[in-house]
Amino acid sequence: MNEQHDPLEQLLSRAFADDARAVAEERRQHDPNASARMIDQVMRRISVQRRRRALLLGGFGALGAALTLLALKPALTALGPLAAHGLAAVSASIFAALPALPVAPLMLLLPAVLIAVLGTWLLALSEASA
Amino acid sequence: MQESDEALVSRVLALDDRDAFATLVKRHQQRIYYLLRRFARDPALAEDLCQNTFLRAWERLASFSGSGRFAAWLGKLAYNEFLQHLRQRRRSPEADPLSLDDPSVPPALAPGESGASADLERLLAVLRPDEQHLLLLSYAHGLTIAEIAEVVDQPPGTIKSQIHRAKQKIREHFAIEVPA
């Protein structure tokens, strides 16, 4: 059967095409910016979701870091205050850059949180011993 | 020349290129909206489901193998969003809007009335919702039998015969002749 010459095929193709046009027109009349708004909202929700994921990842990172620190505490006390200040500065820079990071390098959060907690810990240790 | 969907997907995955993803949304949103508008029969709900579909696409983009068309993959996500909405709705005490006795479904043409004058609503009214969905995926979204089978998770042979039966129903109901 040649579908191109089938009246039903022609009818369905035309009916769907007309309906799609009508729906698009209805949507445009209801909200002329519907299309742009859709794109904007999708991209916004992606950003929100990305931040949530970063926070969650950061939380796990902090937990991991705290546990690591407990295990490494004796070795850390051997490091001097200079190293502590350096680590604290690096961690602060990484945290400042976090909101601009895309999804793929989110894994940076884990070492970043580790460095941050480590630096703060060392800073506190060096100040206490001064 | 317009960059292909697959190339845009690659850019999103490799470079985390948000502009590339926005281009994909812009390119496909009207078609996905139409699909969901027809599935859900509610403009506001279709907008919500459409947004959810693209959000899901962002989350699962890495699972797009590139072996099929991106439009078909998106169609499957949209269909799943719609099914998920239906499941949630069925758990609530409210009635399913797509049940066969739904009064919002327009009446069918009287048998023998000219099919050429029938609008889509009246043509589809003689079909069950699942049959309407198959025709929608085929004619409105332009999917092949194999792609529809992938979307609704059924064998291609089943889809082929279901579509054939659906068309047969319309043909008989509106007395549309079979070409020689």
# chains A, B, ... in the order shown; residues from 1 in each chain; ligands from 1
$ residues_around --residues "stretch 51-56 of chain B" --least-positions-apart "2" --cutoff "6 Å" --atoms "only C-alpha atoms" --output "PDB file with C-alpha atoms, in the first residue's frame"
ATOM      1  CA  VAL A  42      14.949  25.229  32.988  1.00  0.00           C
TER       2      VAL A  42
ATOM      3  CA  ASP B  48       5.417  21.924  34.146  1.00  0.00           C
ATOM      4  CA  LEU B  49       6.017  18.498  32.663  1.00  0.00           C
ATOM      5  CA  TRP B  58      20.210  17.573  31.907  1.00  0.00           C
ATOM      6  CA  GLU B  59      20.579  15.082  34.739  1.00  0.00           C
ATOM      7  CA  LEU B  77      11.799  11.281  28.912  1.00  0.00           C
ATOM      8  CA  ALA B  78       8.646  13.310  28.258  1.00  0.00           C
TER       9      ALA B  78
END
$ closest_atom_pairs --of "chain A" --to "chain B" --cutoff "7 Å" --atoms "only C-alpha atoms" --output "CSV"
residue,atom,partner,partner_atom,distance
A:Asp6,CA,B:Pro179,CA,5.5
A:Leu8,CA,B:Ile176,CA,6.6
A:Leu11,CA,B:Ala116,CA,6.4
A:Ser13,CA,B:Tyr139,CA,6.3
A:Ala15,CA,B:Leu120,CA,5.2
A:Phe16,CA,B:Ala140,CA,5.9
A:Asp19,CA,B:Leu120,CA,6.8
A:Ala20,CA,B:Tyr34,CA,6.5
A:Val23,CA,B:Tyr34,CA,6.8
A:Met38,CA,B:Gln51,CA,6.7
A:Ile39,CA,B:Val25,CA,6.2
A:Val42,CA,B:Gln51,CA,5.8
A:Ile46,CA,B:Leu55,CA,6.6
A:Pro102,CA,B:Asp16,CA,6.5
A:Val103,CA,B:Asp16,CA,7.0
A:Ala104,CA,B:Asp16,CA,6.7
$ atom_distance --atom1 "atom CA of B:Ser67" --atom2 "atom CA of B:Pro156"
17.3 Å
$ atom_distance --atom1 "atom CA of B:Gln84" --atom2 "atom CA of B:Phe39"
12.3 Å
$ atom_distance --atom1 "atom CA of B:Val9" --atom2 "atom CA of B:Glu147"
19.1 Å
$ residues_around --residues "B:His85" --least-positions-apart "4" --cutoff "10 Å" --atoms "only C-alpha atoms" --output "JSON list (two decimals) with C-alpha atoms, in the first residue's frame"
[["chain", "number", "residue", "atom", "x", "y", "z"],
["B", 40, "ALA", "CA", -1.99, 15.83, 29.58],
["B", 45, "LEU", "CA", 0.49, 20.94, 33.42],
["B", 49, "LEU", "CA", 6.02, 18.50, 32.66],
["B", 79, "TYR", "CA", 6.50, 10.18, 28.12],
["B", 80, "ASN", "CA", 8.01, 8.95, 31.40],
["B", 81, "GLU", "CA", 7.34, 12.31, 33.03],
["B", 89, "ARG", "CA", -2.49, 11.28, 40.29],
["B", 90, "ARG", "CA", -3.87, 7.77, 40.56]]
$ residues_around --residues "stretch 160-162 of chain B" --least-positions-apart "2" --cutoff "9 Å" --atoms "only C-alpha atoms" --output "PyMOL selection string"
chain B and resi 131+134+145-146+149+155-158+164-167
